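Novice: One file is attached below, entry.tsv, containing TSV, C-alpha atoms.
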```tsv
chain	number	residue	atom	x	y	z
R	1	MET	CA	-14.41	-1.70	8.93
R	2	ILE	CA	-12.74	1.52	7.80
R	3	ALA	CA	-8.97	1.85	7.83
R	4	ILE	CA	-6.33	4.26	6.54
R	5	LEU	CA	-3.20	3.03	4.74
R	6	ARG	CA	-0.56	5.62	3.87
R	7	THR	CA	2.09	4.66	1.35
R	8	LEU	CA	5.12	6.51	0.02
R	9	TRP	CA	6.76	5.12	-3.14
R	10	THR	CA	10.23	6.02	-4.43
R	11	VAL	CA	11.56	4.50	-7.66
R	12	SER	CA	14.26	5.42	-10.15
R	13	LEU	CA	12.78	6.67	-13.39
R	14	ASP	CA	14.95	4.36	-15.50
R	15	SER	CA	14.11	1.22	-13.50
R	16	TYR	CA	10.34	1.67	-13.67
R	17	ALA	CA	10.35	2.94	-17.27
R	18	HIS	CA	12.50	0.05	-18.49
R	19	ASP	CA	10.48	-2.61	-16.68
R	20	ASN	CA	7.16	-1.23	-17.94
R	21	GLY	CA	8.19	-0.12	-21.44
R	22	ILE	CA	7.32	3.54	-20.98
R	23	ASP	CA	9.09	6.88	-21.29
R	24	PRO	CA	10.81	7.97	-18.03
R	25	GLY	CA	8.76	11.18	-18.09
R	26	ARG	CA	5.58	9.16	-17.58
R	27	VAL	CA	6.71	7.21	-14.51
R	28	GLU	CA	5.00	9.29	-11.79
R	29	GLY	CA	1.59	9.32	-13.42
R	30	ASP	CA	1.79	5.70	-14.55
R	31	LEU	CA	2.78	4.44	-11.09
R	32	ALA	CA	0.04	6.42	-9.33
R	33	SER	CA	-2.63	5.29	-11.80
R	34	TYR	CA	-1.52	1.68	-11.65
R	35	LEU	CA	-1.70	1.58	-7.85
R	36	VAL	CA	-5.12	3.26	-7.73
R	37	PHE	CA	-6.65	0.74	-10.13
R	38	ALA	CA	-4.83	-2.38	-8.90
R	39	ILE	CA	-5.74	-2.31	-5.20
R	40	ASN	CA	-9.42	-3.07	-5.76
R	41	ASP	CA	-8.59	-6.15	-7.84
R	42	LEU	CA	-6.52	-7.84	-5.14
R	43	ALA	CA	-8.03	-11.15	-4.01
R	44	PRO	CA	-9.22	-11.78	-1.27
R	45	PHE	CA	-9.90	-8.03	-0.87
R	46	GLU	CA	-12.19	-8.16	-3.89
R	47	GLU	CA	-13.83	-11.38	-2.65
R	48	ALA	CA	-14.68	-9.72	0.67
R	49	GLY	CA	-16.32	-6.79	-1.13
R	50	GLY	CA	-13.60	-4.37	-0.09
R	51	TYR	CA	-13.14	-0.99	-1.72
R	52	ALA	CA	-10.26	1.45	-1.52
R	53	THR	CA	-10.09	5.07	-2.60
R	54	CYS	CA	-6.84	6.96	-2.88
R	55	ILE	CA	-5.54	10.49	-2.75
R	56	THR	CA	-2.22	10.72	-4.56
R	57	GLN	CA	0.32	13.47	-4.06
R	58	ARG	CA	3.57	14.32	-5.77
R	59	PRO	CA	5.97	15.64	-3.15
R	60	ASP	CA	8.11	18.56	-4.35
R	61	PRO	CA	10.86	18.73	-5.21
R	62	GLN	CA	11.38	15.36	-6.88
R	63	PRO	CA	14.87	13.91	-6.40
R	64	PRO	CA	16.90	13.84	-9.63
R	65	GLY	CA	16.26	10.65	-11.61
R	66	LYS	CA	13.54	9.43	-9.22
R	67	ALA	CA	9.79	9.51	-8.91
R	68	VAL	CA	8.21	9.92	-5.49
R	69	VAL	CA	4.48	9.27	-5.16
R	70	ARG	CA	2.39	9.30	-2.01
R	71	CYS	CA	-0.86	7.32	-1.99
R	72	ASP	CA	-3.10	7.65	1.06
R	73	TRP	CA	-5.82	5.01	1.00
R	74	ARG	CA	-9.23	4.90	2.66
R	75	ILE	CA	-10.03	1.20	2.96
R	76	ALA	CA	-13.58	-0.06	3.49
R	77	VAL	CA	-14.53	-3.72	3.95
R	78	GLU	CA	-17.04	-5.59	6.09
R	79	ARG	CA	-15.10	-7.07	9.02
R	80	ASP	CA	-17.08	-10.33	8.95
R	81	ALA	CA	-16.49	-10.79	5.22
R	82	TRP	CA	-12.74	-10.19	5.63
R	83	GLN	CA	-12.56	-12.61	8.56
R	84	GLN	CA	-14.39	-15.29	6.59
R	85	VAL	CA	-12.27	-14.91	3.43
R	86	ARG	CA	-9.02	-14.96	5.41
R	87	GLY	CA	-10.08	-17.47	8.08
R	88	ILE	CA	-9.07	-15.23	10.98
R	89	GLY	CA	-10.59	-14.04	14.26
R	90	ARG	CA	-12.16	-10.67	14.96
R	91	GLN	CA	-9.18	-9.27	16.87
R	92	ALA	CA	-6.78	-9.91	13.98
R	93	ALA	CA	-8.94	-8.46	11.18
R	94	ARG	CA	-7.64	-4.86	10.97
R	95	ARG	CA	-3.97	-5.80	11.28
R	96	ASP	CA	-4.35	-8.65	8.79
R	97	LEU	CA	-6.16	-6.42	6.27
R	98	LEU	CA	-3.56	-3.66	6.34
R	99	ASP	CA	-0.58	-6.05	6.40
R	100	TYR	CA	-2.06	-7.91	3.44
R	101	LEU	CA	-2.76	-4.80	1.34
R	102	ALA	CA	0.66	-3.25	1.96
R	103	ARG	CA	2.47	-6.47	1.12
R	104	GLU	CA	0.39	-7.17	-1.99
R	105	LEU	CA	0.64	-3.61	-3.31
R	106	TYR	CA	4.41	-3.83	-3.04
R	107	SER	CA	4.41	-7.14	-4.92
R	108	LEU	CA	2.28	-6.02	-7.89
R	109	PRO	CA	3.68	-7.07	-11.28
R	110	SER	CA	4.55	-3.56	-12.52
R	111	VAL	CA	6.60	-2.75	-9.43
R	112	CYS	CA	8.00	-6.10	-8.31
R	113	ASP	CA	10.98	-6.12	-10.69
R	114	THR	CA	11.92	-2.47	-10.22
R	115	ASP	CA	14.07	-0.79	-7.58
R	116	VAL	CA	11.01	0.75	-5.90
R	117	VAL	CA	11.05	1.34	-2.15
R	118	MET	CA	7.71	1.74	-0.38
R	119	THR	CA	6.96	2.81	3.16
R	120	ALA	CA	3.55	1.91	4.56
R	121	THR	CA	2.09	3.50	7.69
R	122	TYR	CA	-1.13	2.37	9.34
R	123	ASN	CA	-2.91	2.03	12.65
R	124	THR	CA	-3.79	-1.46	13.81
R	125	GLY	CA	-5.95	-0.33	16.72
R	126	ARG	CA	-3.05	-1.20	19.03
R	127	GLY	CA	-0.58	1.33	17.71
R	128	LEU	CA	0.94	2.84	14.60
R	129	VAL	CA	2.88	0.49	12.32
R	130	GLN	CA	5.52	1.63	9.84
R	131	ARG	CA	6.91	-0.88	7.38
R	132	ALA	CA	9.65	-0.26	4.86
R	133	PHE	CA	9.53	-2.50	1.79
R	134	ARG	CA	12.69	-2.83	-0.32
R	135	PRO	CA	13.39	-4.92	-3.43
R	136	GLY	CA	14.59	-7.92	-1.40
R	137	ASP	CA	11.47	-7.82	0.81
R	138	ARG	CA	8.81	-8.96	-1.64
R	139	LYS	CA	6.00	-10.40	0.52
R	140	ARG	CA	8.19	-10.61	3.62
R	141	ALA	CA	8.86	-7.08	4.95
R	142	GLN	CA	9.50	-6.62	8.66
R	143	VAL	CA	7.69	-4.28	11.04
R	144	ALA	CA	9.83	-1.20	11.59
R	145	ALA	CA	7.99	0.43	14.47
R	146	VAL	CA	4.83	0.34	16.56
R	147	VAL	CA	3.76	3.52	18.33
R	148	PRO	CA	1.33	2.66	21.19
R	149	GLY	CA	-1.65	4.94	21.63
R	150	PHE	CA	-1.74	6.33	18.09
R	151	VAL	CA	-5.35	6.86	17.00
R	152	THR	CA	-6.45	6.78	13.36
R	153	PRO	CA	-7.79	10.20	12.30
R	154	PRO	CA	-11.58	10.24	11.73
R	155	TRP	CA	-11.19	10.94	7.99
```
Would you kindly transcribe this structure into structure tokens?

Specialist:
Amino acid sequence: MIAILRTLWTVSLDSYAHDNGIDPGRVEGDLASYLVFAINDLAPFEEAGGYATCITQRPDPQPPGKAVVRCDWRIAVERDAWQQVRGIGRQAARRDLLDYLARELYSLPSVCDTDVVMTATYNTGRGLVQRAFRPGDRKRAQVAAVVPGFVTPPW
């Protein structure tokens, strides 16, 4: 199963730098690198043999005192392996995979105590989902919108 997960991260430089013990000037690069390396270590994604690659972008201009990083993920995992690891049916696999990855990325240790806000956008096969994750939403964000008929681009 191939899926696309688009994420947009916004965090104050001071919040992330303080929580991670780094210089505020390093926040953008550190956050992007951390996300790229962390996603492939998430269990049960790793257990199912999943692999994610990311294209990161730095939108210009950056808001004063904030870092904005966009990570667009190409997710690959065998549907049967994901279903088995998660104990779900075939119809729920894509939605479960993308919900899981978005929620777990937002709850990673280096971001979970910061003021980061993340927006995730993905296609479930039944429409486009946009979820906004805020500091109070760790592992329990709500679906913001579903757009029926949206088709995942072939890339």

Novice: In Å, with one decimal, what is the gap from CA of Thr56 in chain R to CA of Asp19 in chain R?

Specialist: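 Between these atoms lies a distance of 22.0 Å.
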
Novice: Return the single residue from R:Gly25, R:Gly136, R:Gly50, R:Gly125 that is closest to Lys66 in chain R, with distances computed using all atoms listed in the file.

Specialist: R:Gly25

Novice: Measuring atom to atom with only C-alpha atoms, identify which of R:Asp23, R:Glu78, R:Asp72, R:Asp30 is nearest to Glu47 in chain R.

Specialist: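 Of R:Asp23, R:Glu78, R:Asp72, R:Asp30, the one nearest Glu47 in chain R, counting only C-alpha atoms, is R:Glu78.
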
Novice: Could you name the residues that touch range 88-104 of chain R at 9 Å or less, counting only C-alpha atoms, but leaving out those on the same chain fewer than 3 positions away, as a PyMOL selection string?

Specialist: chain R and resi 1-5+7+39+42+45+75+79-80+82-85+107-108+118-125+131+133+138-141

Novice: Which residue out of R:Leu31, R:Arg26, R:Arg6, R:Leu13 has the minimum interatomic distance to Arg74 in chain R when all atoms listed in the file are used?

Specialist: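 Smallest distance to Arg74 in chain R is found for R:Arg6.
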
Novice: Would you list the residues near (6.2, 12.3, -0.7) (no more than 6 Å away, in the coordinates of the file, using all atoms listed in the file) as a list in words?

Specialist: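 Residues lying no farther than 6 Å from the given point: Leu8, Pro59, Val68, Val69 and Arg70 of chain R.
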
Novice: Report the distance between CA of Ala38 in chain R and CA of Cys71 in chain R in Å, rounded to one decimal place.

Specialist: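 Between CA of Ala38 in chain R and CA of Cys71 in chain R the gap works out to 12.6 Å.
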
Novice: Got a sec: who's within 6 Å of Ser15 in chain R, counting all atoms listed in the file, leaving out chain neighbours fewer than 3 positions off, as a PDB file with C-alpha atoms, keeping the file's coordinate frame?

Specialist:
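Writing the result to result_39.pdb gives the following:
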```pdb
ATOM      1  CA  SER R  12      14.260   5.420 -10.150  1.00  0.00           C
ATOM      2  CA  HIS R  18      12.500   0.050 -18.490  1.00  0.00           C
ATOM      3  CA  THR R 114      11.920  -2.470 -10.220  1.00  0.00           C
TER       4      THR R 114
END
```

Novice: Do you have the CA of Thr53 in chain R-CA of Gly21 in chain R distance handy?

Specialist: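 Separation between CA of Thr53 in chain R and CA of Gly21 in chain R: 26.8 Å.
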
Novice: Ranking R:Cys54, R:Ile22, R:Gly49, R:Ala32 by minimum distance to Trp9 in chain R and counting all atoms listed in the file, which one comes first?

Specialist: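 Between R:Cys54, R:Ile22, R:Gly49, R:Ala32, the residue approaching Trp9 in chain R most closely is R:Ala32.
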
Novice: Return the single residue from R:Asp137, R:Val77, R:Val116, R:Val11 that is closest to Asn40 in chain R, with distances computed using only C-alpha atoms.

Specialist: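 Of all the options, R:Val77 lies closest to Asn40 in chain R.
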
Novice: Would you please work out which residue, of R:Ala67, R:Val111, R:Arg86, R:Val27, is nearest to Glu46 in chain R when using only C-alpha atoms?

Specialist: R:Arg86

Novice: Generate the coordinates of all heavy atoms for range 8-19 of chain R; report them as an mmCIF file, in the coordinates of the input.

Specialist:
```
data_model
loop_
_atom_site.group_PDB
_atom_site.id
_atom_site.type_symbol
_atom_site.label_atom_id
_atom_site.label_comp_id
_atom_site.auth_asym_id
_atom_site.auth_seq_id
_atom_site.Cartn_x
_atom_site.Cartn_y
_atom_site.Cartn_z
ATOM 1 N N LEU R 8 4.205 5.599 0.703
ATOM 2 C CA LEU R 8 5.120 6.510 0.020
ATOM 3 C C LEU R 8 6.034 5.655 -0.847
ATOM 4 O O LEU R 8 6.706 4.743 -0.338
ATOM 5 C CB LEU R 8 5.939 7.323 1.024
ATOM 6 C CG LEU R 8 6.896 8.341 0.408
ATOM 7 C CD1 LEU R 8 6.117 9.439 -0.315
ATOM 8 C CD2 LEU R 8 7.784 8.946 1.483
ATOM 9 N N TRP R 9 6.040 5.913 -2.145
ATOM 10 C CA TRP R 9 6.760 5.120 -3.140
ATOM 11 C C TRP R 9 7.894 5.950 -3.724
ATOM 12 O O TRP R 9 7.671 7.080 -4.145
ATOM 13 C CB TRP R 9 5.820 4.720 -4.262
ATOM 14 C CG TRP R 9 4.633 3.944 -3.813
ATOM 15 C CD1 TRP R 9 3.514 4.432 -3.198
ATOM 16 C CD2 TRP R 9 4.449 2.541 -3.910
ATOM 17 N NE1 TRP R 9 2.644 3.399 -2.926
ATOM 18 C CE2 TRP R 9 3.192 2.238 -3.354
ATOM 19 C CE3 TRP R 9 5.228 1.500 -4.437
ATOM 20 C CZ2 TRP R 9 2.691 0.945 -3.296
ATOM 21 C CZ3 TRP R 9 4.729 0.224 -4.386
ATOM 22 C CH2 TRP R 9 3.476 -0.044 -3.825
ATOM 23 N N THR R 10 9.097 5.378 -3.791
ATOM 24 C CA THR R 10 10.230 6.020 -4.430
ATOM 25 C C THR R 10 10.865 5.013 -5.385
ATOM 26 O O THR R 10 11.204 3.900 -4.975
ATOM 27 C CB THR R 10 11.283 6.469 -3.386
ATOM 28 O OG1 THR R 10 10.639 7.315 -2.427
ATOM 29 C CG2 THR R 10 12.427 7.219 -4.042
ATOM 30 N N VAL R 11 11.011 5.402 -6.649
ATOM 31 C CA VAL R 11 11.560 4.500 -7.660
ATOM 32 C C VAL R 11 12.411 5.313 -8.629
ATOM 33 O O VAL R 11 12.112 6.474 -8.899
ATOM 34 C CB VAL R 11 10.440 3.743 -8.403
ATOM 35 C CG1 VAL R 11 9.563 4.670 -9.198
ATOM 36 C CG2 VAL R 11 11.002 2.630 -9.273
ATOM 37 N N SER R 12 13.473 4.718 -9.147
ATOM 38 C CA SER R 12 14.260 5.420 -10.150
ATOM 39 C C SER R 12 13.469 5.420 -11.454
ATOM 40 O O SER R 12 12.792 4.445 -11.797
ATOM 41 C CB SER R 12 15.635 4.773 -10.341
ATOM 42 O OG SER R 12 15.513 3.516 -10.965
ATOM 43 N N LEU R 13 13.523 6.523 -12.149
ATOM 44 C CA LEU R 13 12.780 6.670 -13.390
ATOM 45 C C LEU R 13 13.170 5.589 -14.395
ATOM 46 O O LEU R 13 12.314 4.976 -15.029
ATOM 47 C CB LEU R 13 13.016 8.051 -13.990
ATOM 48 C CG LEU R 13 12.545 9.239 -13.150
ATOM 49 C CD1 LEU R 13 12.932 10.552 -13.822
ATOM 50 C CD2 LEU R 13 11.056 9.186 -12.887
ATOM 51 N N ASP R 14 14.471 5.341 -14.523
ATOM 52 C CA ASP R 14 14.950 4.360 -15.500
ATOM 53 C C ASP R 14 14.485 2.946 -15.165
ATOM 54 O O ASP R 14 14.105 2.193 -16.059
ATOM 55 C CB ASP R 14 16.478 4.399 -15.599
ATOM 56 C CG ASP R 14 16.975 5.684 -16.243
ATOM 57 O OD1 ASP R 14 16.199 6.321 -16.986
ATOM 58 O OD2 ASP R 14 18.139 6.055 -16.004
ATOM 59 N N SER R 15 14.508 2.563 -13.900
ATOM 60 C CA SER R 15 14.110 1.220 -13.500
ATOM 61 C C SER R 15 12.652 0.960 -13.841
ATOM 62 O O SER R 15 12.315 -0.046 -14.475
ATOM 63 C CB SER R 15 14.352 1.013 -12.002
ATOM 64 O OG SER R 15 13.826 -0.220 -11.569
ATOM 65 N N TYR R 16 11.774 1.862 -13.439
ATOM 66 C CA TYR R 16 10.340 1.670 -13.670
ATOM 67 C C TYR R 16 10.033 1.762 -15.164
ATOM 68 O O TYR R 16 9.271 0.953 -15.706
ATOM 69 C CB TYR R 16 9.527 2.686 -12.886
ATOM 70 C CG TYR R 16 8.047 2.410 -12.916
ATOM 71 C CD1 TYR R 16 7.456 1.607 -11.946
ATOM 72 C CD2 TYR R 16 7.232 2.940 -13.914
ATOM 73 C CE1 TYR R 16 6.096 1.343 -11.968
ATOM 74 C CE2 TYR R 16 5.870 2.675 -13.943
ATOM 75 C CZ TYR R 16 5.319 1.877 -12.974
ATOM 76 O OH TYR R 16 3.968 1.617 -13.007
ATOM 77 N N ALA R 17 10.619 2.758 -15.843
ATOM 78 C CA ALA R 17 10.350 2.940 -17.270
ATOM 79 C C ALA R 17 10.810 1.724 -18.066
ATOM 80 O O ALA R 17 10.081 1.229 -18.932
ATOM 81 C CB ALA R 17 11.058 4.197 -17.775
ATOM 82 N N HIS R 18 11.988 1.217 -17.776
ATOM 83 C CA HIS R 18 12.500 0.050 -18.490
ATOM 84 C C HIS R 18 11.621 -1.171 -18.260
ATOM 85 O O HIS R 18 11.266 -1.883 -19.202
ATOM 86 C CB HIS R 18 13.948 -0.244 -18.063
ATOM 87 C CG HIS R 18 14.524 -1.440 -18.716
ATOM 88 N ND1 HIS R 18 14.468 -2.695 -18.156
ATOM 89 C CD2 HIS R 18 15.147 -1.575 -19.908
ATOM 90 C CE1 HIS R 18 15.032 -3.560 -18.969
ATOM 91 N NE2 HIS R 18 15.465 -2.906 -20.044
ATOM 92 N N ASP R 19 11.260 -1.429 -17.012
ATOM 93 C CA ASP R 19 10.480 -2.610 -16.680
ATOM 94 C C ASP R 19 9.066 -2.569 -17.269
ATOM 95 O O ASP R 19 8.476 -3.603 -17.535
ATOM 96 C CB ASP R 19 10.398 -2.794 -15.161
ATOM 97 C CG ASP R 19 9.954 -4.187 -14.775
ATOM 98 O OD1 ASP R 19 10.628 -5.158 -15.158
ATOM 99 O OD2 ASP R 19 8.909 -4.305 -14.105
#
```
